[in-house]
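As stored in final.pdb (PDB, C-alpha atoms):
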```pdb
ATOM      1  CA  MET A 429      93.425 128.020 108.458
ATOM      2  CA  SER A 430      91.375 130.858 107.025
ATOM      3  CA  LEU A 431      88.933 130.795 104.137
ATOM      4  CA  ALA A 432      91.646 132.269 101.960
ATOM      5  CA  ASP A 433      93.668 129.064 102.492
ATOM      6  CA  GLN A 434      90.911 126.787 101.231
ATOM      7  CA  PRO A 435      91.417 125.216  97.783
ATOM      8  CA  VAL A 436      87.960 126.283  96.613
ATOM      9  CA  VAL A 437      86.185 129.590  96.274
ATOM     10  CA  LEU A 438      83.131 129.926  98.475
ATOM     11  CA  ALA A 439      80.042 130.466  96.361
ATOM     12  CA  ARG A 440      77.296 132.962  97.225
ATOM     13  CA  PRO A 441      74.401 131.593  95.180
ATOM     14  CA  ASP A 442      71.365 132.599  97.211
ATOM     15  CA  ARG A 443      72.020 135.812  99.074
ATOM     16  CA  PRO A 444      75.097 137.932  99.885
ATOM     17  CA  GLU A 445      75.713 136.575 103.376
ATOM     18  CA  LEU A 446      75.476 132.864 102.452
ATOM     19  CA  LEU A 447      78.824 131.061 101.992
ATOM     20  CA  ALA A 448      78.625 127.614 100.384
ATOM     21  CA  VAL A 449      81.039 124.759  99.689
ATOM     22  CA  ARG A 450      80.591 121.227  98.384
ATOM     23  CA  LEU A 451      82.103 118.223 100.152
ATOM     24  CA  ARG A 452      82.635 114.831  98.547
ATOM     25  CA  PHE A 453      82.765 111.526 100.416
ATOM     26  CA  ALA A 454      83.197 108.746  97.826
ATOM     27  CA  GLU A 455      80.178 109.077  95.516
ATOM     28  CA  MET A 456      78.212 111.335  97.903
ATOM     29  CA  ARG A 457      78.311 115.117  97.476
ATOM     30  CA  VAL A 458      77.081 117.363 100.286
ATOM     31  CA  ARG A 459      76.571 121.113  99.971
ATOM     32  CA  VAL A 460      77.329 122.997 103.199
ATOM     33  CA  ALA A 461      76.108 126.590 103.538
ATOM     34  CA  PHE A 462      77.389 128.901 106.283
ATOM     35  CA  LEU A 463      75.626 132.021 107.540
ATOM     36  CA  CYS A 464      78.766 133.102 109.438
ATOM     37  CA  PRO A 465      82.290 133.364 107.930
ATOM     38  CA  ALA A 466      83.938 132.816 111.342
ATOM     39  CA  ALA A 467      82.042 129.541 111.747
ATOM     40  CA  ALA A 468      83.260 128.461 108.316
ATOM     41  CA  ASP A 469      86.833 129.381 109.287
ATOM     42  CA  GLY A 470      86.599 127.172 112.377
ATOM     43  CA  LEU A 471      84.776 124.188 110.916
ATOM     44  CA  LEU A 472      86.248 123.796 107.429
ATOM     45  CA  PRO A 473      89.903 122.925 108.190
ATOM     46  CA  ALA A 474      89.072 119.402 109.395
ATOM     47  CA  LEU A 475      87.072 118.905 106.170
ATOM     48  CA  ALA A 476      89.523 120.545 103.754
ATOM     49  CA  HIS A 477      90.551 117.198 102.230
ATOM     50  CA  ALA A 478      86.905 116.577 101.255
ATOM     51  CA  LEU A 479      86.329 119.924  99.522
ATOM     52  CA  ASP A 480      85.091 119.352  95.990
ATOM     53  CA  ALA A 481      85.480 122.088  93.385
ATOM     54  CA  PRO A 482      83.745 123.663  91.650
ATOM     55  CA  PRO A 483      80.367 123.779  93.425
ATOM     56  CA  GLY A 484      77.738 121.901  91.480
ATOM     57  CA  PRO A 485      75.166 119.112  91.807
ATOM     58  CA  HIS A 486      74.844 117.625  95.278
ATOM     59  CA  ASP A 487      72.935 114.900  97.102
ATOM     60  CA  ALA A 488      72.112 116.799 100.307
ATOM     61  CA  THR A 489      72.424 120.256 101.869
ATOM     62  CA  ILE A 490      73.495 121.232 105.392
ATOM     63  CA  THR A 491      72.944 124.820 106.491
ATOM     64  CA  VAL A 492      75.098 126.015 109.405
ATOM     65  CA  ARG A 493      73.142 128.776 111.123
ATOM     66  CA  ARG A 494      75.456 129.218 114.099
ATOM     67  CA  ARG A 495      77.029 132.666 114.389
ATOM     68  CA  ILE A 496      80.246 133.291 116.329
ATOM     69  CA  ASP A 497      82.596 136.242 116.680
ATOM     70  CA  ASN A 498      85.778 134.221 116.168
ATOM     71  CA  VAL A 499      87.078 130.666 115.882
ATOM     72  CA  ALA A 500      88.068 130.609 119.566
ATOM     73  CA  ALA A 501      84.358 130.403 120.441
ATOM     74  CA  LEU A 502      84.245 126.831 119.097
ATOM     75  CA  HIS A 503      84.927 123.883 121.416
ATOM     76  CA  TRP A 504      87.792 121.556 120.533
ATOM     77  CA  TRP A 505      85.438 118.727 119.556
ATOM     78  CA  GLU A 506      83.558 121.019 117.174
ATOM     79  CA  ARG A 507      86.789 121.824 115.354
ATOM     80  CA  ALA A 508      87.907 118.182 115.382
ATOM     81  CA  THR A 509      84.687 116.588 114.089
ATOM     82  CA  PRO A 510      82.622 119.418 112.586
ATOM     83  CA  LEU A 511      79.030 118.754 111.518
ATOM     84  CA  ARG A 512      79.233 115.170 112.775
ATOM     85  CA  LEU A 513      75.526 114.734 113.504
ATOM     86  CA  PRO A 514      74.180 116.221 110.243
ATOM     87  CA  LEU A 515      76.829 114.384 108.204
ATOM     88  CA  THR A 516      75.917 111.134 109.963
ATOM     89  CA  HIS A 517      72.302 111.744 108.958
ATOM     90  CA  VAL A 518      72.819 112.714 105.313
ATOM     91  CA  LEU A 519      75.554 110.160 104.553
ATOM     92  CA  GLY A 520      73.788 107.220 106.183
ATOM     93  CA  GLY A 521      71.937 104.604 104.159
ATOM     94  CA  ASP A 522      71.535 100.869 103.755
ATOM     95  CA  GLU A 523      75.061 100.575 102.323
ATOM     96  CA  ARG A 524      76.800 103.402 104.263
ATOM     97  CA  ARG A 525      77.075 104.323 107.925
ATOM     98  CA  VAL A 526      79.237 106.602 110.046
ATOM     99  CA  VAL A 527      80.746 104.350 112.724
ATOM    100  CA  HIS A 528      83.081 104.662 115.701
ATOM    101  CA  ALA A 529      86.612 103.540 114.734
ATOM    102  CA  SER A 530      90.074 104.755 113.861
ATOM    103  CA  VAL A 531      91.483 103.505 110.549
ATOM    104  CA  VAL A 532      95.096 103.372 109.333
ATOM    105  CA  GLY A 533      96.770 101.526 106.486
ATOM    106  CA  ASP A 534      98.477 101.670 103.104
ATOM    107  CA  GLU A 535      98.411  99.854  99.761
ATOM    108  CA  ARG A 536      97.688  96.604 101.635
ATOM    109  CA  GLY A 537      94.406  98.108 102.853
ATOM    110  CA  GLY A 538      93.052  99.548 106.077
ATOM    111  CA  LEU A 539      92.892  98.262 109.643
ATOM    112  CA  ALA A 540      89.964  99.453 111.783
ATOM    113  CA  LEU A 541      90.904 100.094 115.423
ATOM    114  CA  VAL A 542      87.831  99.682 117.622
ATOM    115  CA  GLY A 543      86.891  99.776 121.287
ATOM    116  CA  PRO A 544      85.543 102.201 123.892
ATOM    117  CA  PRO A 545      87.000 105.666 124.537
ATOM    118  CA  ASN A 546      90.473 105.617 126.144
ATOM    119  CA  SER A 547      91.212 102.118 124.875
ATOM    120  CA  GLY A 548      94.222 103.233 122.807
ATOM    121  CA  LYS A 549      92.770 103.725 119.321
ATOM    122  CA  THR A 550      94.242 107.209 118.826
ATOM    123  CA  THR A 551      97.542 106.219 120.455
ATOM    124  CA  THR A 552      97.801 103.343 117.994
ATOM    125  CA  ALA A 553      96.755 105.426 114.998
ATOM    126  CA  MET A 554      99.335 108.140 115.756
ATOM    127  CA  ALA A 555     102.081 105.565 116.293
ATOM    128  CA  ALA A 556     101.170 104.026 112.936
ATOM    129  CA  VAL A 557     101.258 107.424 111.194
ATOM    130  CA  HIS A 558     104.657 108.265 112.688
ATOM    131  CA  GLY A 559     105.774 104.803 111.569
ATOM    132  CA  GLY A 560     104.892 105.565 107.942
ATOM    133  CA  LEU A 561     101.327 104.288 107.536
ATOM    134  CA  GLY A 562      98.471 106.288 106.070
ATOM    135  CA  PHE A 563      95.623 107.804 108.089
ATOM    136  CA  VAL A 564      91.925 107.570 107.247
ATOM    137  CA  ALA A 565      90.180 108.345 110.530
ATOM    138  CA  ASP A 566      90.364 108.887 114.266
ATOM    139  CA  ASP A 567      87.115 108.018 116.082
ATOM    140  CA  TYR A 568      84.631 108.554 113.232
ATOM    141  CA  VAL A 569      84.736 107.032 109.765
ATOM    142  CA  LEU A 570      82.261 106.458 106.943
ATOM    143  CA  LEU A 571      81.973 102.716 106.298
ATOM    144  CA  ARG A 572      80.609 101.548 102.961
ATOM    145  CA  ALA A 573      79.458  98.040 102.105
ATOM    146  CA  GLY A 574      81.057  96.250  99.187
ATOM    147  CA  ALA A 575      83.532  93.589  98.247
ATOM    148  CA  PRO A 576      85.652  94.630 100.024
ATOM    149  CA  PHE A 577      84.126  96.985 102.579
ATOM    150  CA  GLU A 578      85.591 100.465 102.343
ATOM    151  CA  ALA A 579      86.623 103.034 104.972
ATOM    152  CA  ILE A 580      86.114 106.629 103.802
ATOM    153  CA  SER A 581      87.691 109.590 105.574
ATOM    154  CA  LEU A 582      85.423 112.192 107.162
ATOM    155  CA  TYR A 583      87.997 114.298 109.031
ATOM    156  CA  SER A 584      91.730 114.950 108.725
ATOM    157  CA  THR A 585      92.116 115.392 112.484
ATOM    158  CA  ALA A 586      93.088 113.313 115.500
ATOM    159  CA  CYS A 587      92.389 114.204 119.132
ATOM    160  CA  VAL A 588      95.148 113.557 121.653
ATOM    161  CA  ARG A 589      95.079 114.138 125.387
ATOM    162  CA  SER A 590      96.351 117.525 126.502
ATOM    163  CA  GLY A 591      98.085 117.716 129.905
ATOM    164  CA  SER A 592      96.302 116.516 133.025
ATOM    165  CA  ASP A 593      92.826 117.693 132.027
ATOM    166  CA  GLY A 594      91.117 114.460 131.020
ATOM    167  CA  GLY A 595      88.197 116.321 129.468
ATOM    168  CA  THR A 596      90.254 118.401 127.040
ATOM    169  CA  LYS A 597      92.080 117.150 123.985
ATOM    170  CA  GLN A 598      94.419 118.735 121.475
ATOM    171  CA  VAL A 599      93.189 118.749 117.888
ATOM    172  CA  VAL A 600      95.980 117.589 115.577
ATOM    173  CA  ASP A 601      95.945 118.125 111.818
ATOM    174  CA  VAL A 602      97.384 114.792 110.678
ATOM    175  CA  GLY A 603      98.567 116.333 107.419
ATOM    176  CA  SER A 604     100.867 118.590 109.433
ATOM    177  CA  LEU A 605     102.605 115.512 110.855
ATOM    178  CA  ARG A 606     103.239 113.985 107.433
ATOM    179  CA  ALA A 607     102.108 115.637 104.218
ATOM    180  CA  ASP A 608     101.493 112.245 102.572
ATOM    181  CA  ALA A 609      99.707 110.674 105.551
ATOM    182  CA  LEU A 610      96.073 111.367 104.628
ATOM    183  CA  ARG A 611      94.121 108.714 102.727
ATOM    184  CA  ARG A 612      90.689 109.595 101.368
ATOM    185  CA  ARG A 613      89.625 105.937 101.375
ATOM    186  CA  LEU A 614      91.015 102.436 101.868
ATOM    187  CA  PRO A 615      89.574  98.942 101.444
ATOM    188  CA  LEU A 616      89.042  97.510 104.917
ATOM    189  CA  ARG A 617      91.148  94.385 105.469
ATOM    190  CA  GLY A 618      90.946  93.805 109.224
ATOM    191  CA  VAL A 619      89.523  94.859 112.605
ATOM    192  CA  ALA A 620      91.590  95.174 115.795
ATOM    193  CA  ILE A 621      90.209  95.665 119.304
ATOM    194  CA  ALA A 622      92.518  98.139 121.048
ATOM    195  CA  ARG A 623      93.178  97.788 124.768
ATOM    196  CA  MET A 624      95.713  99.809 126.783
ATOM    197  CA  SER A 625      98.162  97.380 128.371
ATOM    198  CA  GLY A 626     100.974  99.531 129.753
ATOM    199  CA  CYS A 627     103.529  96.925 128.674
ATOM    200  CA  GLU A 628     104.658  95.536 125.327
ATOM    201  CA  SER A 629     102.423  95.702 122.276
ATOM    202  CA  ARG A 630     101.142  92.322 121.148
ATOM    203  CA  TRP A 631      98.236  90.962 119.149
ATOM    204  CA  ARG A 632      96.294  87.766 118.594
ATOM    205  CA  ARG A 633      93.406  86.534 116.453
ATOM    206  CA  VAL A 634      89.918  86.619 117.956
ATOM    207  CA  ALA A 635      86.512  85.465 116.785
ATOM    208  CA  ALA A 636      84.200  87.750 114.846
ATOM    209  CA  ALA A 637      81.711  87.742 117.723
ATOM    210  CA  VAL A 638      84.371  89.088 120.093
ATOM    211  CA  ALA A 639      85.140  91.963 117.723
ATOM    212  CA  LEU A 640      81.462  92.766 117.281
ATOM    213  CA  ARG A 641      80.914  92.893 121.057
ATOM    214  CA  ALA A 642      83.748  95.430 121.321
ATOM    215  CA  TRP A 643      82.681  97.545 118.322
ATOM    216  CA  ALA A 644      78.896  97.601 118.386
ATOM    217  CA  PRO A 645      78.206  99.161 121.827
ATOM    218  CA  THR A 646      80.402 102.244 121.321
ATOM    219  CA  THR A 647      79.031 102.861 117.844
ATOM    220  CA  ALA A 648      75.448 102.487 119.109
ATOM    221  CA  LEU A 649      76.151 104.828 122.047
ATOM    222  CA  LEU A 650      77.961 107.560 120.118
ATOM    223  CA  MET A 651      75.511 107.350 117.203
ATOM    224  CA  ALA A 652      72.461 107.261 119.459
ATOM    225  CA  GLY A 653      70.278 109.044 116.912
ATOM    226  CA  GLU A 654      70.843 106.197 114.461
ATOM    227  CA  HIS A 655      69.055 103.709 116.764
ATOM    228  CA  GLY A 656      71.563 100.944 116.057
ATOM    229  CA  ALA A 657      71.224 101.189 112.270
ATOM    230  CA  ALA A 658      74.944 100.517 111.781
ATOM    231  CA  LEU A 659      74.940  97.186 113.629
ATOM    232  CA  PRO A 660      74.084  94.942 110.629
ATOM    233  CA  LEU A 661      76.927  96.583 108.689
ATOM    234  CA  LEU A 662      79.394  96.032 111.549
ATOM    235  CA  ALA A 663      78.310  92.415 111.838
ATOM    236  CA  ALA A 664      78.910  91.902 108.124
ATOM    237  CA  VAL A 665      82.373  93.487 108.363
ATOM    238  CA  VAL A 666      83.669  91.302 111.195
ATOM    239  CA  GLN A 667      82.401  88.202 109.393
ATOM    240  CA  SER A 668      84.311  89.140 106.238
ATOM    241  CA  VAL A 669      87.766  90.175 107.553
ATOM    242  CA  PRO A 670      90.249  88.841 110.142
ATOM    243  CA  CYS A 671      89.723  90.204 113.670
ATOM    244  CA  TYR A 672      92.385  90.757 116.309
ATOM    245  CA  SER A 673      92.915  91.855 119.878
ATOM    246  CA  LEU A 674      95.706  94.434 120.240
ATOM    247  CA  ALA A 675      97.418  95.127 123.563
ATOM    248  CA  VAL A 676      98.553  98.758 123.225
ATOM    249  CA  GLY A 677     101.988  99.154 124.773
ATOM    250  CA  ASP A 678     104.121 102.166 125.651
ATOM    251  CA  ASP A 679     106.671 101.971 122.826
ATOM    252  CA  PRO A 680     105.335 103.749 119.672
ATOM    253  CA  SER A 681     107.723 101.959 117.313
ATOM    254  CA  GLU A 682     106.767  98.579 118.750
ATOM    255  CA  LEU A 683     103.092  99.526 118.430
ATOM    256  CA  ALA A 684     103.546 100.576 114.790
ATOM    257  CA  ALA A 685     105.291  97.270 114.110
ATOM    258  CA  ALA A 686     102.340  95.367 115.588
ATOM    259  CA  VAL A 687      99.940  97.196 113.246
ATOM    260  CA  ASN A 688     102.195  96.364 110.293
ATOM    261  CA  GLU A 689     102.225  92.696 111.288
ATOM    262  CA  MET A 690      98.432  92.582 111.392
ATOM    263  CA  LEU A 691      98.192  94.279 108.010
ATOM    264  CA  ASP A 692     100.671  91.778 106.577
ATOM    265  CA  GLN A 693      98.540  88.906 107.820
ATOM    266  CA  CYS A 694      95.378  90.559 106.448
ATOM    267  CA  ALA A 695      97.054  91.047 103.052
ATOM    268  CA  SER A 696      98.126  87.399 102.924
ATOM    269  CA  ARG A 697      94.485  86.354 103.344
ATOM    270  CA  SER A 698      92.954  88.737 100.780
TER     271      SER A 698
END
```
The structure in this file should be written as structure tokens.
Amino acid sequence: MSLADQPVVLARPDRPELLAVRLRFAEMRVRVAFLCPAAADGLLPALAHALDAPPGPHDATITVRRRIDNVAALHWWERATPLRLPLTHVLGGDERRVVHASVVGDERGGLALVGPPNSGKTTTAMAAVHGGLGFVADDYVLLRAGAPFEAISLYSTACVRSGSDGGTKQVVDVGSLRADALRRRLPLRGVAIARMSGCESRWRRVAAAVALRAWAPTTALLMAGEHGAALPLLAAVVQSVPCYSLAVGDDPSELAAAVNEMLDQCASRS
């Protein structure tokens, strides 16, 4: 996707070479200024759903000073989760934190898929999307306190394993899989601990403490600069919604059905 494909016009308010856009995540507006058009071309597609037009008042500014010759110079994780560290910093607060989870759902609400890397969160999220559910996040999501808690989309991308190279992933634009799949935000109705099983997909209820032990360490590790600031929010979430353990099987349709069953149970309790 090039700048010409973006639904907003890049402003040049300060000097000729500065390109600026405004992103909106719930009530927060963040101005992002690029010194390099190629960097903007590579980083903006995953954030296109959050572009807010026209440019105007904002709560924080991020200036991207990196200069590249072309988009190919960016690593896959930079294109998948652009500006993750500065966004984590400017969006964080007592009532909001960027946390480690995938989130899918629909009008019933969202289900947070948690657990360490390679536990099956993305596999489950993609099965759910192909099965007709909406997509909020893969790996990183903005969580906001409230009644109910709310999951807010940061990126429109998912990262799936590519071939035999375990260190490289393919960046998938979820909107290209289903035009109606993306959800900007969903009320959070449940938490499921994903675990690859290699057999049939099945789920069961677990205690809040079990869910917190699965969710907190990966969030603390991947958000190391936050010094565990998200942990009180995670603890409050698991105390307020049903928590499950999900054995992630090999059959995508069976896996999507398991997610639907958990969402049905969550909806019956809300």
### Task
Do a neighbour search on A:Leu691 at 12 Å with all atoms listed in the file, toss out local chain neighbours closer than 3 positions, and write the hits as a PyMOL selection string.
chain A and resi 531-541+556+561+615-620+631+669-672+684-688+694-698
Atoms to include: C-alpha atoms. Write the selected residues as a PDB file, in the frame of the given file.
```pdb
ATOM      1  CA  VAL A 531      91.483 103.505 110.549  1.00  0.00           C
ATOM      2  CA  VAL A 532      95.096 103.372 109.333  1.00  0.00           C
ATOM      3  CA  GLY A 533      96.770 101.526 106.486  1.00  0.00           C
ATOM      4  CA  ASP A 534      98.477 101.670 103.104  1.00  0.00           C
ATOM      5  CA  GLU A 535      98.411  99.854  99.761  1.00  0.00           C
ATOM      6  CA  ARG A 536      97.688  96.604 101.635  1.00  0.00           C
ATOM      7  CA  GLY A 537      94.406  98.108 102.853  1.00  0.00           C
ATOM      8  CA  GLY A 538      93.052  99.548 106.077  1.00  0.00           C
ATOM      9  CA  LEU A 539      92.892  98.262 109.643  1.00  0.00           C
ATOM     10  CA  ALA A 540      89.964  99.453 111.783  1.00  0.00           C
ATOM     11  CA  LEU A 541      90.904 100.094 115.423  1.00  0.00           C
ATOM     12  CA  ALA A 556     101.170 104.026 112.936  1.00  0.00           C
ATOM     13  CA  LEU A 561     101.327 104.288 107.536  1.00  0.00           C
ATOM     14  CA  PRO A 615      89.574  98.942 101.444  1.00  0.00           C
ATOM     15  CA  LEU A 616      89.042  97.510 104.917  1.00  0.00           C
ATOM     16  CA  ARG A 617      91.148  94.385 105.469  1.00  0.00           C
ATOM     17  CA  GLY A 618      90.946  93.805 109.224  1.00  0.00           C
ATOM     18  CA  VAL A 619      89.523  94.859 112.605  1.00  0.00           C
ATOM     19  CA  ALA A 620      91.590  95.174 115.795  1.00  0.00           C
ATOM     20  CA  TRP A 631      98.236  90.962 119.149  1.00  0.00           C
ATOM     21  CA  VAL A 669      87.766  90.175 107.553  1.00  0.00           C
ATOM     22  CA  PRO A 670      90.249  88.841 110.142  1.00  0.00           C
ATOM     23  CA  CYS A 671      89.723  90.204 113.670  1.00  0.00           C
ATOM     24  CA  TYR A 672      92.385  90.757 116.309  1.00  0.00           C
ATOM     25  CA  ALA A 684     103.546 100.576 114.790  1.00  0.00           C
ATOM     26  CA  ALA A 685     105.291  97.270 114.110  1.00  0.00           C
ATOM     27  CA  ALA A 686     102.340  95.367 115.588  1.00  0.00           C
ATOM     28  CA  VAL A 687      99.940  97.196 113.246  1.00  0.00           C
ATOM     29  CA  ASN A 688     102.195  96.364 110.293  1.00  0.00           C
ATOM     30  CA  CYS A 694      95.378  90.559 106.448  1.00  0.00           C
ATOM     31  CA  ALA A 695      97.054  91.047 103.052  1.00  0.00           C
ATOM     32  CA  SER A 696      98.126  87.399 102.924  1.00  0.00           C
ATOM     33  CA  ARG A 697      94.485  86.354 103.344  1.00  0.00           C
ATOM     34  CA  SER A 698      92.954  88.737 100.780  1.00  0.00           C
TER      35      SER A 698
END
```
### Query
Within 8 Å of A:Ala488, counting only C-alpha atoms, which residues qualify if same-chain residues fewer than 4 places away don't, as a VMD selection string?
chain A and resid 457 to 459 518
### Task
Counting all atoms listed in the file, figure out which residue out of A:Val599, A:Ala466, A:Ala454, A:Ala555 gets nearest to A:Glu682.
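Counting all atoms listed in the file, the residue closest to A:Glu682 is A:Ala555.
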### Message
Residues within 9 Å of A:Arg630, please, as JSON, numbers by chain. Count all atoms listed in the file; anything in the same chain fewer than 4 positions from it doesn't count.
### Response
{"A": [673, 674, 675, 676, 677, 682, 683, 686]}
### All residues 6 Å or closer to stretch 567-581 of chain A, only C-alpha atoms, same chain fewer than 5 positions away omitted, as a ChimeraX atom specification
/A:523-530,612-616
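Nearest residue to A:Asp679 among A:Val588, A:Ala500, A:Leu447, A:Cys627 is A:Cys627, counting only C-alpha atoms.
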### Query
Hey, what's within 10 Å of A:Ser584 if we count all atoms listed in the file and toss same-chain stuff fewer than 3 positions away? As JSON, numbers by chain, please?
{"A": [473, 474, 475, 476, 477, 478, 508, 509, 563, 564, 565, 566, 581, 600, 601, 602, 603, 604, 609, 610, 611, 612]}
### Selection dump of the PyMOL selection byres ((chain A and resi 544) around 10), as an MDAnalysis selection string
chainID A and resid 528:529 542:543 545:549 567 621:623 642:647 649
### Task
Would you mind telling me which residue in A:Cys587, A:Ala657, A:Ala635, A:Val666 lies nearest to A:Thr551 when using all atoms listed in the file?
A:Cys587
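Rounded to one decimal, atom CA of A:Leu650 and atom CA of A:Ala468 lie 24.6 Å from each other.
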#### Entry: One-decimal distance in Å that lies between atom CA of A:Ser590 and atom CA of A:Ile496
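These atoms are spaced 24.7 Å apart.
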### Message
From the options A:Arg641, A:Arg452, A:Arg507, A:Arg606, which residue's atoms come nearest to A:Pro485, counting all atoms listed in the file?
### Response
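When distances to A:Pro485 are compared using all atoms listed in the file, the smallest one comes from A:Arg452.
Counting only C-alpha atoms, the residue from A:Val634, A:Ile490, A:Leu502, A:Ala481 that sits nearest to A:Leu463 is A:Ile490.
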### Query
What is the atom CA of A:Leu605-atom CA of A:Asp692 distance in Å, reported with one decimal?
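We find that atom CA of A:Leu605 and atom CA of A:Asp692 lie 24.2 Å from each other.
The closest residue to A:Phe453, picked from A:Gly520, A:Pro482, A:Gly626, A:Gly653 and counting only C-alpha atoms, is A:Gly520.
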With N, CA and C atoms as the goal, would you fill in the gaps in stretch 599-621 of chain A and present it as a PDB file, keeping the file's coordinate frame?
```pdb
ATOM      1  N   VAL A 599      93.575 119.122 119.247  1.00  0.00           N
ATOM      2  CA  VAL A 599      93.189 118.749 117.888  1.00  0.00           C
ATOM      3  C   VAL A 599      94.424 118.817 116.997  1.00  0.00           C
ATOM      4  N   VAL A 600      94.785 117.691 116.408  1.00  0.00           N
ATOM      5  CA  VAL A 600      95.980 117.589 115.577  1.00  0.00           C
ATOM      6  C   VAL A 600      95.582 117.431 114.120  1.00  0.00           C
ATOM      7  N   ASP A 601      96.113 118.280 113.262  1.00  0.00           N
ATOM      8  CA  ASP A 601      95.945 118.125 111.818  1.00  0.00           C
ATOM      9  C   ASP A 601      96.957 117.080 111.365  1.00  0.00           C
ATOM     10  N   VAL A 602      96.476 115.900 110.995  1.00  0.00           N
ATOM     11  CA  VAL A 602      97.384 114.792 110.678  1.00  0.00           C
ATOM     12  C   VAL A 602      98.270 115.132 109.488  1.00  0.00           C
ATOM     13  N   GLY A 603      97.748 115.930 108.557  1.00  0.00           N
ATOM     14  CA  GLY A 603      98.567 116.333 107.419  1.00  0.00           C
ATOM     15  C   GLY A 603      99.778 117.152 107.812  1.00  0.00           C
ATOM     16  N   SER A 604      99.718 117.815 108.971  1.00  0.00           N
ATOM     17  CA  SER A 604     100.867 118.590 109.433  1.00  0.00           C
ATOM     18  C   SER A 604     101.961 117.694 109.996  1.00  0.00           C
ATOM     19  N   LEU A 605     101.599 116.462 110.376  1.00  0.00           N
ATOM     20  CA  LEU A 605     102.605 115.512 110.855  1.00  0.00           C
ATOM     21  C   LEU A 605     103.374 114.907 109.691  1.00  0.00           C
ATOM     22  N   ARG A 606     102.644 114.526 108.646  1.00  0.00           N
ATOM     23  CA  ARG A 606     103.239 113.985 107.433  1.00  0.00           C
ATOM     24  C   ARG A 606     102.357 114.377 106.269  1.00  0.00           C
ATOM     25  N   ALA A 607     102.912 115.103 105.318  1.00  0.00           N
ATOM     26  CA  ALA A 607     102.108 115.637 104.218  1.00  0.00           C
ATOM     27  C   ALA A 607     101.434 114.535 103.415  1.00  0.00           C
ATOM     28  N   ASP A 608     102.046 113.343 103.374  1.00  0.00           N
ATOM     29  CA  ASP A 608     101.493 112.245 102.572  1.00  0.00           C
ATOM     30  C   ASP A 608     100.687 111.260 103.410  1.00  0.00           C
ATOM     31  N   ALA A 609     100.349 111.633 104.649  1.00  0.00           N
ATOM     32  CA  ALA A 609      99.707 110.674 105.551  1.00  0.00           C
ATOM     33  C   ALA A 609      98.235 110.449 105.246  1.00  0.00           C
ATOM     34  N   LEU A 610      97.530 111.477 104.778  1.00  0.00           N
ATOM     35  CA  LEU A 610      96.073 111.367 104.628  1.00  0.00           C
ATOM     36  C   LEU A 610      95.688 110.444 103.479  1.00  0.00           C
ATOM     37  N   ARG A 611      94.717 109.578 103.751  1.00  0.00           N
ATOM     38  CA  ARG A 611      94.121 108.714 102.727  1.00  0.00           C
ATOM     39  C   ARG A 611      92.630 108.995 102.674  1.00  0.00           C
ATOM     40  N   ARG A 612      92.122 109.312 101.498  1.00  0.00           N
ATOM     41  CA  ARG A 612      90.689 109.595 101.368  1.00  0.00           C
ATOM     42  C   ARG A 612      89.853 108.341 101.610  1.00  0.00           C
ATOM     43  N   ARG A 613      90.375 107.186 101.234  1.00  0.00           N
ATOM     44  CA  ARG A 613      89.625 105.937 101.375  1.00  0.00           C
ATOM     45  C   ARG A 613      90.587 104.756 101.271  1.00  0.00           C
ATOM     46  N   LEU A 614      90.237 103.667 101.955  1.00  0.00           N
ATOM     47  CA  LEU A 614      91.015 102.436 101.868  1.00  0.00           C
ATOM     48  C   LEU A 614      90.065 101.248 101.962  1.00  0.00           C
ATOM     49  N   PRO A 615      90.338 100.175 101.230  1.00  0.00           N
ATOM     50  CA  PRO A 615      89.574  98.942 101.444  1.00  0.00           C
ATOM     51  C   PRO A 615      89.880  98.419 102.841  1.00  0.00           C
ATOM     52  N   LEU A 616      88.865  97.967 103.548  1.00  0.00           N
ATOM     53  CA  LEU A 616      89.042  97.510 104.917  1.00  0.00           C
ATOM     54  C   LEU A 616      89.443  96.030 104.912  1.00  0.00           C
ATOM     55  N   ARG A 617      90.614  95.747 105.505  1.00  0.00           N
ATOM     56  CA  ARG A 617      91.148  94.385 105.469  1.00  0.00           C
ATOM     57  C   ARG A 617      91.137  93.689 106.826  1.00  0.00           C
ATOM     58  N   GLY A 618      90.928  94.438 107.921  1.00  0.00           N
ATOM     59  CA  GLY A 618      90.946  93.805 109.224  1.00  0.00           C
ATOM     60  C   GLY A 618      90.379  94.717 110.293  1.00  0.00           C
ATOM     61  N   VAL A 619      90.056  94.124 111.453  1.00  0.00           N
ATOM     62  CA  VAL A 619      89.523  94.859 112.605  1.00  0.00           C
ATOM     63  C   VAL A 619      90.356  94.460 113.821  1.00  0.00           C
ATOM     64  N   ALA A 620      90.801  95.443 114.591  1.00  0.00           N
ATOM     65  CA  ALA A 620      91.590  95.174 115.795  1.00  0.00           C
ATOM     66  C   ALA A 620      90.961  95.859 116.996  1.00  0.00           C
ATOM     67  N   ILE A 621      90.732  95.111 118.053  1.00  0.00           N
ATOM     68  CA  ILE A 621      90.209  95.665 119.304  1.00  0.00           C
ATOM     69  C   ILE A 621      91.386  96.205 120.109  1.00  0.00           C
TER      70      ILE A 621
END
```
